[in-house]
file data-v1.txt (compact mmCIF, C-alpha atoms)
# COMPACT_ATOMS: atom_id res chain seq x y z
CA MET A 1 -165.22 39.59 -15.58
CA THR A 2 -163.49 38.81 -12.30
CA PRO A 3 -165.75 36.82 -9.96
CA ASN A 4 -167.27 39.05 -7.29
CA THR A 5 -166.56 37.98 -3.72
CA GLU A 6 -169.10 40.42 -2.27
CA THR A 7 -172.80 39.82 -1.70
CA ASN A 8 -175.72 42.07 -2.57
CA ASP A 9 -176.00 42.94 1.14
CA SER A 10 -172.33 43.89 1.51
CA LEU A 11 -172.38 45.95 -1.67
CA PHE A 12 -175.51 47.78 -0.53
CA ALA A 13 -173.88 48.54 2.82
CA ARG A 14 -170.83 49.95 1.02
CA ALA A 15 -172.99 51.93 -1.37
CA GLN A 16 -175.00 53.55 1.41
CA ARG A 17 -171.81 54.97 2.90
CA VAL A 18 -170.88 56.89 -0.25
CA ILE A 19 -174.10 57.27 -2.33
CA PRO A 20 -177.37 58.72 -0.94
CA GLY A 21 -179.64 55.76 -0.28
CA GLY A 22 -177.02 53.52 -1.85
CA VAL A 23 -178.34 54.14 -5.37
CA ASN A 24 -178.07 56.70 -8.14
CA SER A 25 -181.78 56.63 -8.99
CA PRO A 26 -184.35 56.21 -6.18
CA VAL A 27 -186.46 53.28 -7.44
CA ARG A 28 -183.39 51.04 -7.48
CA ALA A 29 -183.22 51.14 -3.68
CA PHE A 30 -186.16 48.69 -3.20
CA ARG A 31 -187.66 51.14 -0.67
CA ALA A 32 -191.15 50.51 -2.05
CA VAL A 33 -190.93 46.71 -1.85
CA GLY A 34 -188.41 46.20 0.93
CA GLY A 35 -185.32 44.05 0.89
CA THR A 36 -181.89 44.42 -0.64
CA PRO A 37 -181.36 45.60 -4.22
CA ARG A 38 -179.70 43.19 -6.61
CA PHE A 39 -176.33 44.49 -7.79
CA VAL A 40 -175.94 43.46 -11.40
CA GLN A 41 -172.63 42.00 -12.46
CA ARG A 42 -173.39 41.23 -16.10
CA ALA A 43 -176.26 40.82 -18.55
CA GLN A 44 -176.84 38.94 -21.77
CA GLY A 45 -179.94 38.50 -23.87
CA ALA A 46 -183.07 38.54 -21.71
CA CYS A 47 -181.23 37.94 -18.43
CA PHE A 48 -178.81 39.41 -15.95
CA TRP A 49 -176.73 37.96 -13.13
CA ASP A 50 -176.30 39.56 -9.72
CA ALA A 51 -173.21 39.87 -7.56
CA GLU A 52 -173.84 36.44 -6.09
CA GLY A 53 -174.11 34.78 -9.49
CA ARG A 54 -177.90 34.36 -9.48
CA ARG A 55 -179.64 34.63 -12.83
CA TYR A 56 -182.84 36.62 -13.40
CA ILE A 57 -185.17 36.97 -16.37
CA ASP A 58 -185.14 40.73 -16.82
CA TYR A 59 -188.39 42.63 -17.37
CA ILE A 60 -187.08 46.14 -16.77
CA GLY A 61 -184.50 46.17 -19.56
CA SER A 62 -182.74 49.25 -18.12
CA TRP A 63 -186.26 50.75 -17.80
CA GLY A 64 -187.02 50.36 -21.49
CA PRO A 65 -184.00 50.93 -23.75
CA MET A 66 -182.94 47.28 -24.16
CA ILE A 67 -185.57 46.38 -26.73
CA LEU A 68 -183.13 43.97 -28.41
CA GLY A 69 -182.00 42.47 -25.13
CA HIS A 70 -178.57 42.86 -23.56
CA GLY A 71 -175.39 42.54 -25.62
CA HIS A 72 -176.96 42.31 -29.07
CA PRO A 73 -174.09 41.47 -31.45
CA ALA A 74 -174.81 44.19 -34.03
CA VAL A 75 -175.15 46.88 -31.38
CA LEU A 76 -172.07 45.72 -29.52
CA ALA A 77 -170.02 45.80 -32.73
CA ALA A 78 -171.22 49.31 -33.57
CA VAL A 79 -170.38 50.61 -30.08
CA GLN A 80 -166.93 49.01 -30.08
CA ALA A 81 -166.11 50.49 -33.48
CA ALA A 82 -167.29 53.95 -32.42
CA ALA A 83 -165.37 53.82 -29.15
CA GLN A 84 -162.16 53.12 -31.03
CA GLU A 85 -162.71 56.28 -33.07
CA GLY A 86 -163.20 58.47 -30.01
CA PHE A 87 -165.43 58.84 -26.96
CA SER A 88 -166.46 62.47 -27.37
CA PHE A 89 -165.47 65.36 -29.62
CA GLY A 90 -167.58 68.40 -28.75
CA ALA A 91 -167.91 68.94 -32.48
CA PRO A 92 -170.41 67.70 -35.11
CA THR A 93 -170.25 64.21 -36.58
CA GLU A 94 -171.95 62.60 -39.56
CA ARG A 95 -173.45 59.97 -37.31
CA GLU A 96 -175.55 62.64 -35.55
CA ILE A 97 -177.12 63.48 -38.91
CA GLU A 98 -177.74 59.82 -39.67
CA LEU A 99 -179.47 59.25 -36.35
CA ALA A 100 -181.58 62.41 -36.74
CA GLU A 101 -182.61 61.31 -40.24
CA ALA A 102 -183.53 57.83 -38.96
CA ILE A 103 -185.64 59.26 -36.12
CA LEU A 104 -187.48 61.67 -38.41
CA GLU A 105 -188.26 58.88 -40.85
CA LEU A 106 -189.85 56.84 -38.07
CA VAL A 107 -191.71 59.78 -36.47
CA PRO A 108 -192.88 61.99 -39.36
CA SER A 109 -194.73 64.48 -37.13
CA MET A 110 -191.30 66.10 -36.68
CA ASP A 111 -189.32 68.01 -39.35
CA MET A 112 -186.28 68.60 -37.19
CA VAL A 113 -184.87 67.06 -34.02
CA ARG A 114 -182.31 68.08 -31.41
CA LEU A 115 -180.27 65.34 -29.71
CA VAL A 116 -179.59 65.54 -25.97
CA SER A 117 -178.42 63.14 -23.27
CA SER A 118 -181.45 62.30 -21.09
CA GLY A 119 -185.22 62.24 -21.09
CA THR A 120 -185.30 64.87 -18.35
CA GLU A 121 -183.15 67.16 -20.47
CA ALA A 122 -185.33 66.59 -23.53
CA ALA A 123 -188.56 67.34 -21.67
CA MET A 124 -187.15 70.39 -19.94
CA SER A 125 -185.79 71.77 -23.22
CA GLY A 126 -188.96 70.94 -25.15
CA ILE A 127 -191.12 72.85 -22.69
CA ARG A 128 -188.76 75.83 -22.81
CA LEU A 129 -189.05 75.75 -26.60
CA ALA A 130 -192.85 75.55 -26.42
CA ARG A 131 -192.89 78.62 -24.21
CA GLY A 132 -190.48 80.46 -26.46
CA ALA A 133 -192.36 79.56 -29.64
CA THR A 134 -195.78 80.58 -28.28
CA GLY A 135 -194.77 83.49 -26.07
CA ARG A 136 -196.84 81.96 -23.25
CA ASN A 137 -195.90 80.67 -19.81
CA LYS A 138 -198.38 78.14 -18.49
CA ILE A 139 -198.28 74.41 -19.13
CA ILE A 140 -200.70 71.57 -18.48
CA LYS A 141 -199.50 68.19 -17.27
CA PHE A 142 -201.38 65.22 -15.82
CA GLU A 143 -201.25 63.51 -12.47
CA GLY A 144 -199.34 60.27 -12.74
CA CYS A 145 -197.39 61.32 -15.83
CA TYR A 146 -193.65 61.73 -15.26
CA HIS A 147 -191.59 64.00 -17.48
CA GLY A 148 -188.27 63.95 -15.68
CA HIS A 149 -187.07 65.80 -12.62
CA ALA A 150 -186.88 69.37 -13.94
CA ASP A 151 -188.14 71.76 -11.27
CA ALA A 152 -191.25 72.96 -13.12
CA LEU A 153 -192.46 69.37 -13.55
CA LEU A 154 -192.07 68.18 -9.96
CA VAL A 155 -195.55 69.28 -9.06
CA LYS A 156 -198.93 67.98 -7.97
CA ALA A 157 -202.43 69.39 -8.47
CA GLY A 158 -203.66 72.40 -6.57
CA SER A 159 -207.03 72.69 -4.88
CA GLY A 160 -208.88 73.70 -8.02
CA LEU A 161 -208.57 74.47 -11.69
CA ALA A 162 -207.86 78.15 -11.11
CA THR A 163 -204.95 77.35 -8.78
CA PHE A 164 -201.51 76.20 -9.75
CA GLY A 165 -199.30 73.39 -8.60
CA ASN A 166 -197.45 72.79 -5.37
CA PRO A 167 -193.93 71.34 -5.43
CA THR A 168 -193.62 67.65 -4.62
CA SER A 169 -189.87 67.90 -3.95
CA ALA A 170 -187.92 69.90 -1.44
CA GLY A 171 -185.70 72.46 -3.13
CA VAL A 172 -188.35 73.56 -5.63
CA PRO A 173 -189.68 77.05 -4.78
CA PRO A 174 -193.45 77.48 -5.22
CA GLU A 175 -192.92 80.29 -7.71
CA VAL A 176 -191.06 77.90 -10.02
CA VAL A 177 -194.19 75.77 -10.47
CA GLN A 178 -196.74 78.56 -10.40
CA HIS A 179 -197.28 78.18 -14.15
CA THR A 180 -197.77 74.39 -14.04
CA ILE A 181 -201.38 73.16 -14.02
CA VAL A 182 -201.94 69.51 -13.10
CA LEU A 183 -205.12 67.74 -14.21
CA GLU A 184 -206.54 64.26 -13.84
CA TYR A 185 -205.58 61.88 -16.62
CA ASN A 186 -208.47 60.87 -18.92
CA ASN A 187 -210.80 63.52 -17.43
CA ILE A 188 -212.29 65.42 -20.40
CA GLU A 189 -214.48 67.71 -18.30
CA MET A 190 -211.53 68.92 -16.24
CA LEU A 191 -209.48 69.38 -19.40
CA GLU A 192 -212.14 71.54 -21.01
CA GLN A 193 -212.50 73.64 -17.87
CA ALA A 194 -208.76 74.23 -17.68
CA PHE A 195 -208.65 75.48 -21.25
CA ALA A 196 -211.66 77.71 -20.59
CA VAL A 197 -209.85 79.34 -17.67
CA HIS A 198 -206.26 79.46 -18.94
CA SER A 199 -206.36 79.20 -22.75
CA ARG A 200 -204.72 82.55 -23.52
CA ASP A 201 -201.74 81.72 -21.33
CA LEU A 202 -201.14 78.05 -22.23
CA ALA A 203 -197.91 77.31 -24.05
CA CYS A 204 -198.37 73.55 -24.17
CA LEU A 205 -200.06 70.44 -22.90
CA VAL A 206 -197.52 67.70 -22.16
CA ILE A 207 -198.69 64.12 -21.80
CA GLU A 208 -197.49 60.54 -21.78
CA PRO A 209 -199.88 58.93 -24.33
CA ILE A 210 -199.40 55.67 -22.47
CA ALA A 211 -198.36 56.54 -18.95
CA GLY A 212 -195.61 54.20 -17.79
CA ASN A 213 -194.93 55.74 -14.41
CA MET A 214 -198.30 54.79 -13.00
CA ASN A 215 -197.61 51.32 -14.42
CA PHE A 216 -199.44 51.19 -17.78
CA VAL A 217 -202.41 53.50 -18.34
CA ARG A 218 -203.57 54.52 -21.80
CA ALA A 219 -205.03 57.86 -22.69
CA SER A 220 -208.49 57.04 -24.04
CA LEU A 221 -209.21 57.89 -27.66
CA PRO A 222 -211.89 60.50 -26.81
CA PHE A 223 -209.56 62.10 -24.28
CA MET A 224 -206.64 62.22 -26.70
CA GLN A 225 -208.81 63.58 -29.48
CA ARG A 226 -210.05 66.34 -27.17
CA CYS A 227 -206.47 67.20 -26.18
CA ARG A 228 -205.67 67.64 -29.86
CA GLU A 229 -208.79 69.69 -30.58
CA LEU A 230 -208.32 72.05 -27.65
CA CYS A 231 -204.63 72.64 -28.34
CA THR A 232 -205.40 73.44 -31.98
CA GLN A 233 -208.31 75.69 -31.05
CA HIS A 234 -206.38 77.70 -28.47
CA GLY A 235 -202.91 77.78 -30.02
CA ALA A 236 -201.16 75.60 -27.44
CA LEU A 237 -198.66 72.93 -28.50
CA LEU A 238 -199.57 69.28 -27.90
CA VAL A 239 -196.38 67.69 -26.59
CA PHE A 240 -196.09 63.90 -26.55
CA ASP A 241 -193.61 62.57 -24.01
CA GLU A 242 -192.56 59.34 -25.70
CA VAL A 243 -189.36 58.80 -23.75
CA MET A 244 -190.78 55.46 -22.65
CA THR A 245 -193.14 54.62 -25.53
CA GLY A 246 -191.01 55.91 -28.41
CA CYS A 247 -190.08 53.08 -30.79
CA ARG A 248 -191.13 50.72 -27.99
CA VAL A 249 -194.89 50.30 -28.31
CA ALA A 250 -194.65 50.52 -32.12
CA LEU A 251 -192.01 51.38 -34.69
CA GLY A 252 -193.68 54.77 -35.16
CA SER A 253 -194.13 55.21 -31.40
CA ALA A 254 -197.42 55.69 -29.52
CA GLN A 255 -198.50 58.50 -31.82
CA SER A 256 -198.70 56.01 -34.68
CA VAL A 257 -200.98 53.82 -32.53
CA TYR A 258 -203.35 56.75 -31.98
CA ALA A 259 -203.16 57.77 -35.64
CA ARG A 260 -204.51 54.36 -36.64
CA ALA A 261 -207.70 55.10 -34.70
CA LEU A 262 -207.72 58.87 -35.25
CA PRO A 263 -206.73 59.43 -38.91
CA GLY A 264 -204.50 62.46 -39.33
CA PHE A 265 -203.68 62.65 -35.63
CA GLU A 266 -200.24 63.89 -34.65
CA PRO A 267 -198.68 65.88 -31.80
CA ASP A 268 -196.93 69.21 -32.29
CA MET A 269 -193.79 68.16 -30.44
CA THR A 270 -192.33 64.80 -29.45
CA ILE A 271 -189.90 63.94 -26.67
CA LEU A 272 -187.94 60.72 -27.17
CA GLY A 273 -185.39 58.69 -25.23
CA LYS A 274 -184.51 55.17 -24.11
CA VAL A 275 -184.89 52.99 -27.25
CA ILE A 276 -183.41 55.60 -29.62
CA GLY A 277 -180.20 55.39 -27.58
CA GLY A 278 -180.19 51.61 -27.29
CA GLY A 279 -178.98 51.76 -23.67
CA MET A 280 -176.61 54.71 -24.00
CA PRO A 281 -177.40 58.18 -22.56
CA LEU A 282 -179.29 59.70 -25.47
CA ALA A 283 -182.63 61.44 -25.92
CA ALA A 284 -184.20 63.94 -28.32
CA PHE A 285 -187.02 66.41 -28.87
CA GLY A 286 -188.44 67.53 -32.18
CA ALA A 287 -191.26 69.38 -33.89
CA ARG A 288 -192.18 71.06 -37.15
CA ARG A 289 -189.51 73.26 -38.71
CA ALA A 290 -191.04 76.61 -37.71
CA VAL A 291 -190.96 75.62 -34.04
CA MET A 292 -187.51 74.03 -34.07
CA GLN A 293 -185.99 77.06 -35.78
CA GLN A 294 -186.69 79.00 -32.59
CA LEU A 295 -183.78 77.09 -31.01
CA ALA A 296 -180.28 78.54 -30.77
CA PRO A 297 -178.25 79.09 -32.86
CA LEU A 298 -181.13 79.98 -35.22
CA GLY A 299 -183.53 81.48 -32.69
CA PRO A 300 -183.80 83.00 -29.22
CA VAL A 301 -184.48 79.80 -27.21
CA TYR A 302 -181.21 78.61 -25.72
CA GLN A 303 -180.29 74.95 -25.28
CA ALA A 304 -176.87 73.29 -25.28
CA GLY A 305 -175.10 70.17 -24.09
CA THR A 306 -171.44 69.11 -23.97
CA LEU A 307 -172.23 65.45 -24.64
CA SER A 308 -175.25 65.97 -26.94
CA GLY A 309 -174.94 63.75 -30.00
CA ASN A 310 -172.18 61.74 -28.35
CA PRO A 311 -170.50 59.56 -31.03
CA VAL A 312 -170.67 56.31 -29.05
CA ALA A 313 -174.29 56.88 -28.03
CA THR A 314 -175.35 57.71 -31.59
CA ALA A 315 -173.68 54.55 -32.85
CA CYS A 316 -175.59 52.52 -30.28
CA GLY A 317 -178.87 54.21 -31.19
CA LEU A 318 -178.41 53.81 -34.93
CA ALA A 319 -177.59 50.12 -34.64
CA THR A 320 -180.66 49.60 -32.45
CA LEU A 321 -182.98 51.40 -34.86
CA ARG A 322 -181.65 49.36 -37.78
CA GLU A 323 -182.53 46.14 -35.99
CA ILE A 324 -186.04 47.12 -34.91
CA ARG A 325 -186.87 48.23 -38.46
CA LYS A 326 -186.41 44.71 -39.81
CA PRO A 327 -189.59 43.13 -41.20
CA GLY A 328 -191.69 41.35 -38.60
CA PHE A 329 -189.77 42.69 -35.61
CA PHE A 330 -192.67 44.42 -33.88
CA GLU A 331 -195.18 41.74 -34.79
CA ALA A 332 -193.02 39.15 -33.03
CA LEU A 333 -192.30 41.42 -30.07
CA SER A 334 -195.98 42.27 -29.63
CA ALA A 335 -196.98 38.60 -29.76
CA ARG A 336 -194.39 37.70 -27.14
CA THR A 337 -195.51 40.49 -24.82
CA ARG A 338 -199.15 39.52 -25.28
CA SER A 339 -198.35 35.90 -24.41
CA LEU A 340 -196.74 37.06 -21.16
CA VAL A 341 -199.69 39.28 -20.23
CA ASP A 342 -202.24 36.59 -21.08
CA GLY A 343 -200.27 34.01 -19.11
CA LEU A 344 -200.07 36.22 -16.03
CA THR A 345 -203.77 37.02 -16.29
CA ASP A 346 -204.71 33.34 -16.49
CA ALA A 347 -202.44 32.50 -13.55
CA ALA A 348 -204.01 35.21 -11.38
CA LYS A 349 -207.53 34.18 -12.35
CA ALA A 350 -206.85 30.56 -11.47
CA ALA A 351 -205.67 31.67 -8.03
CA GLY A 352 -208.62 34.02 -7.51
CA VAL A 353 -206.38 37.10 -7.29
CA PRO A 354 -207.86 40.40 -8.56
CA PHE A 355 -205.72 41.26 -11.57
CA SER A 356 -205.83 43.34 -14.75
CA ALA A 357 -203.16 43.86 -17.38
CA ASP A 358 -202.51 45.56 -20.68
CA CYS A 359 -199.72 45.82 -23.23
CA GLU A 360 -198.67 47.45 -26.48
CA GLY A 361 -195.64 46.41 -28.49
CA GLY A 362 -192.91 45.54 -26.03
CA MET A 363 -194.35 47.43 -23.04
CA PHE A 364 -196.75 46.00 -20.46
CA GLY A 365 -198.26 46.67 -17.07
CA PHE A 366 -200.49 44.99 -14.52
CA PHE A 367 -202.55 45.93 -11.49
CA LEU A 368 -203.89 44.00 -8.55
CA LEU A 369 -207.30 45.40 -9.40
CA PRO A 370 -210.27 43.74 -11.12
CA GLU A 371 -210.25 46.29 -13.96
CA LEU A 372 -207.72 48.53 -15.67
CA PRO A 373 -207.51 51.95 -14.01
CA GLN A 374 -207.93 55.14 -16.03
CA ASN A 375 -206.22 57.61 -13.72
CA TYR A 376 -203.69 57.93 -10.94
CA ALA A 377 -206.22 57.95 -8.10
CA ARG A 378 -207.50 54.53 -9.15
CA VAL A 379 -203.97 53.21 -9.70
CA MET A 380 -203.21 54.11 -6.09
CA GLN A 381 -205.94 51.72 -4.95
CA SER A 382 -203.95 48.71 -6.18
CA ASP A 383 -202.95 46.36 -3.36
CA SER A 384 -199.39 47.41 -2.56
CA ALA A 385 -198.82 44.88 0.24
CA ARG A 386 -199.87 42.03 -2.02
CA PHE A 387 -197.72 43.41 -4.84
CA ASN A 388 -194.67 43.41 -2.57
CA ARG A 389 -195.24 39.71 -1.84
CA LEU A 390 -195.67 39.05 -5.54
CA PHE A 391 -192.46 40.93 -6.37
CA HIS A 392 -190.34 39.03 -3.86
CA GLY A 393 -191.93 35.71 -4.75
CA MET A 394 -191.02 36.26 -8.39
CA LEU A 395 -187.55 37.49 -7.47
CA GLU A 396 -186.90 34.33 -5.45
CA ARG A 397 -187.84 32.33 -8.54
CA GLY A 398 -185.45 34.25 -10.81
CA VAL A 399 -187.84 36.78 -12.35
CA TYR A 400 -186.98 40.47 -12.03
CA LEU A 401 -190.00 42.75 -12.27
CA ALA A 402 -189.96 46.49 -11.60
CA PRO A 403 -189.40 46.96 -7.84
CA ALA A 404 -192.33 49.36 -7.57
CA LEU A 405 -196.07 49.02 -7.98
CA TYR A 406 -196.29 51.99 -10.33
CA GLU A 407 -193.72 51.12 -13.02
CA ALA A 408 -194.36 49.52 -16.40
CA GLY A 409 -192.46 46.44 -17.56
CA PHE A 410 -190.65 45.66 -20.79
CA VAL A 411 -190.20 42.62 -23.00
CA SER A 412 -187.30 42.40 -25.42
CA ALA A 413 -186.71 40.54 -28.66
CA ALA A 414 -184.30 38.34 -26.69
CA HIS A 415 -187.05 36.91 -24.48
CA THR A 416 -187.83 33.40 -25.67
CA ASP A 417 -190.96 31.32 -25.39
CA ALA A 418 -189.14 29.40 -22.67
CA ASP A 419 -188.51 32.63 -20.74
CA ILE A 420 -192.18 33.55 -20.95
CA ALA A 421 -193.26 30.05 -19.90
CA ALA A 422 -190.85 30.09 -16.94
CA THR A 423 -192.17 33.48 -15.87
CA VAL A 424 -195.80 32.36 -16.04
CA ASP A 425 -194.99 29.15 -14.15
CA ALA A 426 -193.32 31.21 -11.41
CA ALA A 427 -196.31 33.55 -11.27
CA ARG A 428 -198.70 30.63 -10.98
CA GLU A 429 -196.84 29.44 -7.87
CA VAL A 430 -196.66 32.90 -6.33
CA PHE A 431 -200.29 33.80 -7.02
CA ARG A 432 -201.40 30.69 -5.17
CA SER A 433 -199.61 31.98 -2.08
CA LEU A 434 -200.90 35.53 -2.13
call {"tool": "encode", "arguments": {"input": "data-v1.txt", "output": "structure tokens"}}
result
Amino acid sequence: MTPNTETNDSLFARAQRVIPGGVNSPVRAFRAVGGTPRFVQRAQGACFWDAEGRRYIDYIGSWGPMILGHGHPAVLAAVQAAAQEGFSFGAPTEREIELAEAILELVPSMDMVRLVSSGTEAAMSGIRLARGATGRNKIIKFEGCYHGHADALLVKAGSGLATFGNPTSAGVPPEVVQHTIVLEYNNIEMLEQAFAVHSRDLACLVIEPIAGNMNFVRASLPFMQRCRELCTQHGALLVFDEVMTGCRVALGSAQSVYARALPGFEPDMTILGKVIGGGMPLAAFGARRAVMQQLAPLGPVYQAGTLSGNPVATACGLATLREIRKPGFFEALSARTRSLVDGLTDAAKAAGVPFSADCEGGMFGFFLLPELPQNYARVMQSDSARFNRLFHGMLERGVYLAPALYEAGFVSAAHTDADIAATVDAAREVFRSL
């Protein structure tokens, strides 16, 4: 790659003249933490280098997909071979079948799966399918859970259980979200009341089993069990949004983690993305055969996509899934993530900084709170000013964390013990200054 003569500041100034906010996804703009975004020039393994040649240990991993690290040889070879065969056909390929078969083997709650290009598209299409399959209109979602930027999901809670949501984005008419009910995460009483009021009209309950967009918050076992029971009782579909957690927190995704504690547990529909595409634009949604057969061309629920099942993206996803299925992969990844979380916790404790953290597989999160929060309201009480100082202190020491208080982090198989140790050493210095 040709050396870049521009700085992060000059690139950001250029970007702001031609791209709204200078970025193509809002969190990249550093608005929450202040300062200038780092413009990435290249990445390899567990690290990337910015426009000024500075190296960072990367804990966002493209927001989750890079579970193997950047530039994994097997994935790179698969993508290069696929690209030579053609970028896009608009017609079926065998590789689409192979990827679908691999996904269904890993996530057996689904009989069939439809490939799409983004998590937003998968969630939007999955909810349309749930409505079409049940003949109902209303959906339940939870505050702090993010399911993409489809209009019906850009909504916050109303004033009570009998009211519906209000848009949280300009450009979304109130009538578009009138069927979206937003509840507090991990609140069983509120959940039961919502089903009592709306059960006959509920098409689905959509939830992140481990919410990664309020950092890292698990659905409790009693709460998840009650979600399952109420959906079964009232004929609503339980939809797991595993765009972030799918094949990331465990080989079988978060639903396999819950099934270990709740034997027989499974969702009715699963939304996947990120890891199954290995860094390429690819996502999916799937369910049992009777539900999926409601999709066009078999059924009345329409969904389509020019680039769905893209041959280069499917090659990238297949190569990634082959690697993470190797014996011992998740055991090693989990141990590495746990060592990072434990190291950060010890460093904060030694400095007397309120801190709590959690992890599963290769996903982690932390809060500047003395205990792990269980819902969005408590997450919002984390010390944002102190987090911003922590973020920039780590950045100055070559560690790239999510530039927002409410985003989970990701460890890859490429992170070494030395990377973890360097990160903890940097945190120890920064915590002492907070």
call {"tool": "residues_around", "arguments": {"input": "data-v1.txt", "residues": "A:Trp49", "least_positions_apart": "2", "cutoff": "12 Å", "atoms": "all atoms listed in the file", "output": "number ranges by chain"}}
result
A: 1, 3-4, 8, 38-47, 51-58, 70, 398-400
call {"tool": "atom_distance", "arguments": {"input": "data-v1.txt", "atom1": "atom CA of A:Gly343", "atom2": "atom CA of A:Cys359"}}
result
12.5 Å
call {"tool": "closest_residue", "arguments": {"input": "data-v1.txt", "among": "A:Arg428, A:Gly22, A:Ser308, A:Leu390", "to": "A:Thr93", "atoms": "only C-alpha atoms"}}
result
A:Ser308
call {"tool": "closest_atom_pairs", "arguments": {"input": "data-v1.txt", "of": "stretch 66-159 of chain A", "to": "stretch 315-337 of chain A", "cutoff": "12 Å", "atoms": "only C-alpha atoms", "output": "tab-separated table"}}
result
residue	atom	partner	partner_atom	distance
A:Met66	CA	A:Thr320	CA	8.9
A:Ile67	CA	A:Thr320	CA	8.2
A:Leu68	CA	A:Thr320	CA	7.4
A:Gly69	CA	A:Thr320	CA	10.3
A:His70	CA	A:Thr320	CA	11.4
A:Gly71	CA	A:Cys316	CA	11.0
A:His72	CA	A:Thr320	CA	8.8
A:Pro73	CA	A:Ala319	CA	9.9
A:Ala74	CA	A:Ala319	CA	6.6
A:Val75	CA	A:Ala319	CA	5.2
A:Leu76	CA	A:Cys316	CA	7.7
A:Ala77	CA	A:Ala319	CA	8.9
A:Ala78	CA	A:Ala315	CA	5.8
A:Val79	CA	A:Cys316	CA	5.6
A:Gln80	CA	A:Ala315	CA	9.2
A:Ala81	CA	A:Ala315	CA	8.6
A:Ala82	CA	A:Ala315	CA	6.4
A:Ala83	CA	A:Ala315	CA	9.1
A:Gln84	CA	A:Ala315	CA	11.8
A:Glu85	CA	A:Ala315	CA	11.1
A:Gly86	CA	A:Ala315	CA	11.5
A:Phe87	CA	A:Ala315	CA	11.0
A:Thr93	CA	A:Ala315	CA	10.9
A:Glu94	CA	A:Ala315	CA	10.6
A:Arg95	CA	A:Ala315	CA	7.0
A:Glu96	CA	A:Ala315	CA	8.7
A:Ile97	CA	A:Leu318	CA	10.5
A:Glu98	CA	A:Leu318	CA	7.7
A:Leu99	CA	A:Leu318	CA	5.7
A:Ala100	CA	A:Leu318	CA	9.3
A:Glu101	CA	A:Leu318	CA	10.1
A:Ala102	CA	A:Leu321	CA	7.6
A:Ile103	CA	A:Leu321	CA	8.4
A:Leu104	CA	A:Leu321	CA	11.8
A:Glu105	CA	A:Leu321	CA	10.9
A:Leu106	CA	A:Arg325	CA	9.1
A:Leu115	CA	A:Gly317	CA	11.3
A:Ser117	CA	A:Gly317	CA	11.9
call {"tool": "atom_distance", "arguments": {"input": "data-v1.txt", "atom1": "atom CA of A:Gln374", "atom2": "atom CA of A:Asn186"}}
result
6.4 Å
call {"tool": "atom_distance", "arguments": {"input": "data-v1.txt", "atom1": "atom CA of A:His392", "atom2": "atom CA of A:Arg28"}}
result
14.3 Å
call {"tool": "residues_near_point", "arguments": {"input": "data-v1.txt", "point": "(-203.4, 56.7, -30.7)", "cutoff": "12 Å", "atoms": "all atoms listed in the file", "output": "ChimeraX atom specification"}}
result
/A:208-210,218-225,227-228,240,245,249-250,252-267,360
call {"tool": "closest_residue", "arguments": {"input": "data-v1.txt", "among": "A:Ile19, A:Leu298, A:Leu282, A:Ala427", "to": "A:Leu395", "atoms": "only C-alpha atoms"}}
result
A:Ala427
call {"tool": "residues_around", "arguments": {"input": "data-v1.txt", "residues": "stretch 285-296 of chain A", "least_positions_apart": "4", "cutoff": "10 Å", "atoms": "only C-alpha atoms", "output": "PyMOL selection string"}}
result
chain A and resi 100+103-104+107-116+119+121-130+132-134+237+239-243+267-273+300-304
call {"tool": "closest_residue", "arguments": {"input": "data-v1.txt", "among": "A:Gly144, A:Gly64, A:Gly90, A:Gly393", "to": "A:Met280", "atoms": "all atoms listed in the file"}}
result
A:Gly64
call {"tool": "residues_near_point", "arguments": {"input": "data-v1.txt", "point": "(-205.5, 68.6, -24.7)", "cutoff": "7 Å", "atoms": "all atoms listed in the file", "output": "PDB file with C-alpha atoms, keeping the file's coordinate frame"}}
result
ATOM      1  CA  LEU A 191    -209.480  69.380 -19.400  1.00  0.00           C
ATOM      2  CA  LEU A 205    -200.060  70.440 -22.900  1.00  0.00           C
ATOM      3  CA  MET A 224    -206.640  62.220 -26.700  1.00  0.00           C
ATOM      4  CA  ARG A 226    -210.050  66.340 -27.170  1.00  0.00           C
ATOM      5  CA  CYS A 227    -206.470  67.200 -26.180  1.00  0.00           C
ATOM      6  CA  ARG A 228    -205.670  67.640 -29.860  1.00  0.00           C
ATOM      7  CA  GLU A 229    -208.790  69.690 -30.580  1.00  0.00           C
ATOM      8  CA  LEU A 230    -208.320  72.050 -27.650  1.00  0.00           C
ATOM      9  CA  CYS A 231    -204.630  72.640 -28.340  1.00  0.00           C
ATOM     10  CA  LEU A 238    -199.570  69.280 -27.900  1.00  0.00           C
TER      11      LEU A 238
END
call {"tool": "residues_around", "arguments": {"input": "data-v1.txt", "residues": "A:Val379", "least_positions_apart": "6", "cutoff": "10 Å", "atoms": "only C-alpha atoms", "output": "list of chain:residue names"}}
result
A:Gly144, A:Met214, A:Asn215, A:Phe216, A:Val217, A:Phe367, A:Leu368, A:Leu369, A:Leu372, A:Pro373, A:Leu405, A:Tyr406
call {"tool": "closest_residue", "arguments": {"input": "data-v1.txt", "among": "A:Asn388, A:Thr36, A:Asn24, A:Ser62", "to": "A:Gly277", "atoms": "all atoms listed in the file"}}
result
A:Ser62
call {"tool": "residues_around", "arguments": {"input": "data-v1.txt", "residues": "A:Tyr185", "least_positions_apart": "3", "cutoff": "7 Å", "atoms": "all atoms listed in the file", "output": "list of chain:residue names"}}
result
A:Phe142, A:Glu143, A:Asn375
